[in-house]
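The structure appears right after this line, and notes come after that.
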Amino acid sequence: MYKIVNKRSLNPTVTMMDIEAPFVAKKAQPGQFIILRVDENGERIPLTVAGYDREAGTVKIIFQIVGATTEKLNHKNEGEYIRDFAGPLGVPTEIEGLKKVCIVGGGVGCAIALPIAQELAKNGVEVTSVIGFRSKDLLILEDEFRACSETFHVMTDDGSYGRQGNVCVPLNEMFAAGEKFDKVITIGPLIMMKFVVEATRPTGIPCTVSMNPIMIDGTGMCGGCRLTLNVDGKRVTKFACVDGPDFNGYEVDFDEAMMRGTMYRDFERHAHEETCNLFKKEVK
């Protein structure tokens, strides 16, 4: 059992928790993830490590309430426990040899991007961060990004905060001005990452994306998290849990990934509604 030692709401649909998991905290690195179960009958879901404190033995997770399991998890409070918390899993983000990096995060993907930006800054890398949200109400982690970024941009679709537009607006402006980076790292919705990759492609700057497809076991056995990459003219299958979650953005078949990502949308929506109704009955 793993104790919830801290819980904080970042916006109406996103929650942050610190979980007491000393063995995971001891080994976790930016870019990796864990798989948890809320209770013994719960499903396994992957969540990226959003931070860790090795001395305190805690691991930070940030999740969006979109399905039945995240709804259940959000009803847990400080001092309560979750059943399983396995990790760290996946390959850490590669930062060695980098001197100047642009981090592009969208929505709750910023929770994944932040520890990478922080680790880069800690290692003396010049970090430019671009984060985007639909509106000001959904903004998260602004202060944390400002603290580790030498250049910082906030974008909102409706213009309610920062600049109006998507994350590609300042990215294209920087490229047009001749800005050079050792790497662009983008994390967020698939469609956003696809457009960031296409904006970066003409520059030839390496572009890394963090993929979060359907995942069950996290060990490469189930095949649920498979992705198709186009490598040297050949279509290659990789698994996000063991080969990623980071991949060369120029190689990822985003159209296939987006199609597979919607396969269980109706089922998950129904499960979420049932879970919400269950909690409502318990309250009554």
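Letters A, B, ... mark the chains of the structure tokens in the order given; residue numbers begin at 1 per chain; ligand numbers begin at 1, in order shown.
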message = Would you pick out the contacts of range 139-144 of chain A at 9 Å or less, using only C-alpha atoms, so that residues sharing its chain but fewer than 2 positions from it are not included, and give the list as a list in words?
response =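 Those residues are Leu10, Asn11, Val14, Gly107, Val108, Cys110, Ala111, Leu114, Gln118, Ile131, Gly132, Phe133, Arg134, Ser135, Lys136, Asp137, Arg146, Ala147, Cys148, Ser149, Val154, Thr156 and Tyr161 of chain A.
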Now that the selection is made, can you save its residues with C-alpha atoms as a PDB file, in the first residue's frame?
```pdb
ATOM      1  CA  LEU A  10      -4.252  22.444  -9.956  1.00  0.00           C
ATOM      2  CA  ASN A  11      -7.440  23.264 -11.848  1.00  0.00           C
ATOM      3  CA  VAL A  14      -6.259  18.233 -12.847  1.00  0.00           C
ATOM      4  CA  GLY A 107      -2.397  20.934 -21.277  1.00  0.00           C
ATOM      5  CA  VAL A 108      -1.729  18.234 -18.710  1.00  0.00           C
ATOM      6  CA  CYS A 110       3.038  20.146 -19.059  1.00  0.00           C
ATOM      7  CA  ALA A 111       3.190  17.929 -15.984  1.00  0.00           C
ATOM      8  CA  LEU A 114       8.208  20.190 -16.240  1.00  0.00           C
ATOM      9  CA  GLN A 118      13.916  21.303 -14.386  1.00  0.00           C
ATOM     10  CA  ILE A 131       3.218  26.009 -22.681  1.00  0.00           C
ATOM     11  CA  GLY A 132      -0.303  26.125 -24.048  1.00  0.00           C
ATOM     12  CA  PHE A 133      -3.840  25.695 -22.714  1.00  0.00           C
ATOM     13  CA  ARG A 134      -7.380  26.169 -23.968  1.00  0.00           C
ATOM     14  CA  SER A 135      -8.016  28.946 -21.432  1.00  0.00           C
ATOM     15  CA  LYS A 136      -6.668  30.613 -18.289  1.00  0.00           C
ATOM     16  CA  ASP A 137      -8.851  28.378 -16.082  1.00  0.00           C
ATOM     17  CA  ARG A 146       9.214  30.320 -15.122  1.00  0.00           C
ATOM     18  CA  ALA A 147      11.692  29.304 -12.429  1.00  0.00           C
ATOM     19  CA  CYS A 148      13.601  26.900 -14.689  1.00  0.00           C
ATOM     20  CA  SER A 149      13.318  28.720 -18.041  1.00  0.00           C
ATOM     21  CA  VAL A 154       2.291  31.095 -22.265  1.00  0.00           C
ATOM     22  CA  THR A 156      -4.131  30.194 -24.635  1.00  0.00           C
ATOM     23  CA  TYR A 161      -4.111  34.633 -20.570  1.00  0.00           C
TER      24      TYR A 161
END
```
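Looking only at range 4-116 of chain A, the set that DSSP places in alpha helix (DSSP H) from backbone geometry is Pro22, Phe23, Val24, Ala25, Lys26, Lys27, Ala68, Thr69, Thr70, Glu71, Lys72, Leu73, Asn74, Cys110, Ala111, Ile112, Ala113, Leu114, Pro115 and Ile116 of chain A.
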Sorted per-residue table, range 41-140 of chain A near range 174-195 of chain A, closest atoms and distance, 8 Å, only C-alpha atoms, as a tab-separated table:
```
residue	atom	partner	partner_atom	distance
A:Leu98	CA	A:Asp182	CA	6.1
A:Lys99	CA	A:Asp182	CA	6.7
A:Lys100	CA	A:Phe181	CA	5.3
A:Val101	CA	A:Lys183	CA	5.2
A:Cys102	CA	A:Val184	CA	4.8
A:Ile103	CA	A:Ile185	CA	5.0
A:Val104	CA	A:Thr186	CA	4.5
A:Gly105	CA	A:Ile187	CA	5.0
A:Gly106	CA	A:Gly188	CA	4.5
A:Gly107	CA	A:Gly188	CA	6.3
A:Val108	CA	A:Gly188	CA	6.9
A:Gly109	CA	A:Gly188	CA	4.1
A:Cys110	CA	A:Ile187	CA	6.9
A:Ile112	CA	A:Ile187	CA	7.0
A:Ala113	CA	A:Ile187	CA	6.2
```
request  = Have a look at CA of Glu80 in chain A and CA of Val59 in chain A and let me know their distance in Å, one decimal.
outcome  =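 Interatomic distance, CA of Glu80 in chain A to CA of Val59 in chain A: 15.3 Å.
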key: DSSP strand (DSSP E or B) residues within range 111-166 of chain A, as a ChimeraX atom specification   = /A:126-133,151-156,163-164
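Between Pro206 in chain A and the residues A:Gly233, A:Pro170, A:Gly249, A:Gly31, the shortest atom-to-atom distance, using only C-alpha atoms, involves A:Gly249.
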query = Got a sec: who's within 9 Å of Phe247 in chain A, counting only C-alpha atoms, leaving out chain neighbours fewer than 4 positions off, as a VMD selection string?
reply = chain A and resid 207 to 211 229 240 243 251 to 252
Close residues, Asn41 in chain A itself excluded, 12 Å, only C-alpha atoms, min 4 positions apart in chain, as a list in words =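 Neighbouring residues, sequence-local ones excluded: Leu36, Arg37, Thr69, Lys72, Ile82, Arg83 and Asp84 of chain A.
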Could you save those same residues with C-alpha atoms as a compact mmCIF listing (two decimals), in the first residue's frame?
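Saved as again.txt:
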```txt
# COMPACT_ATOMS: atom_id res chain seq x y z
CA LEU A 36 -0.84 2.22 -10.40
CA ARG A 37 -4.02 0.61 -9.17
CA THR A 69 -9.90 5.21 -12.48
CA LYS A 72 -11.63 7.06 -8.12
CA ILE A 82 -3.59 3.34 -3.07
CA ARG A 83 -3.06 -0.36 -3.75
CA ASP A 84 -0.19 -0.53 -6.27
```
Can you write out as a Markdown table which residues of range 44-99 of chain A fall within 9 Å of range 214-226 of chain A, alongside each residue's closest atom pair and its distance in Å to one decimal, counting only C-alpha atoms and ordering rows by chain and ascending residue number?
```
| residue | atom | partner | partner_atom | distance |
| --- | --- | --- | --- | --- |
| A:Arg44 | CA | A:Ile216 | CA | 6.1 |
| A:Ile45 | CA | A:Ile216 | CA | 6.9 |
| A:Pro46 | CA | A:Met215 | CA | 6.9 |
| A:Leu89 | CA | A:Gly218 | CA | 7.1 |
| A:Gly90 | CA | A:Gly218 | CA | 8.1 |
```
message = At a cut-off of 10 Å, using only C-alpha atoms, what residues contact Thr58 in chain A? Leave out same-chain residues fewer than 2 positions from it and give the result as an MDAnalysis selection string.
response = chainID A and resid 2:6 17:26 51:56 60:61
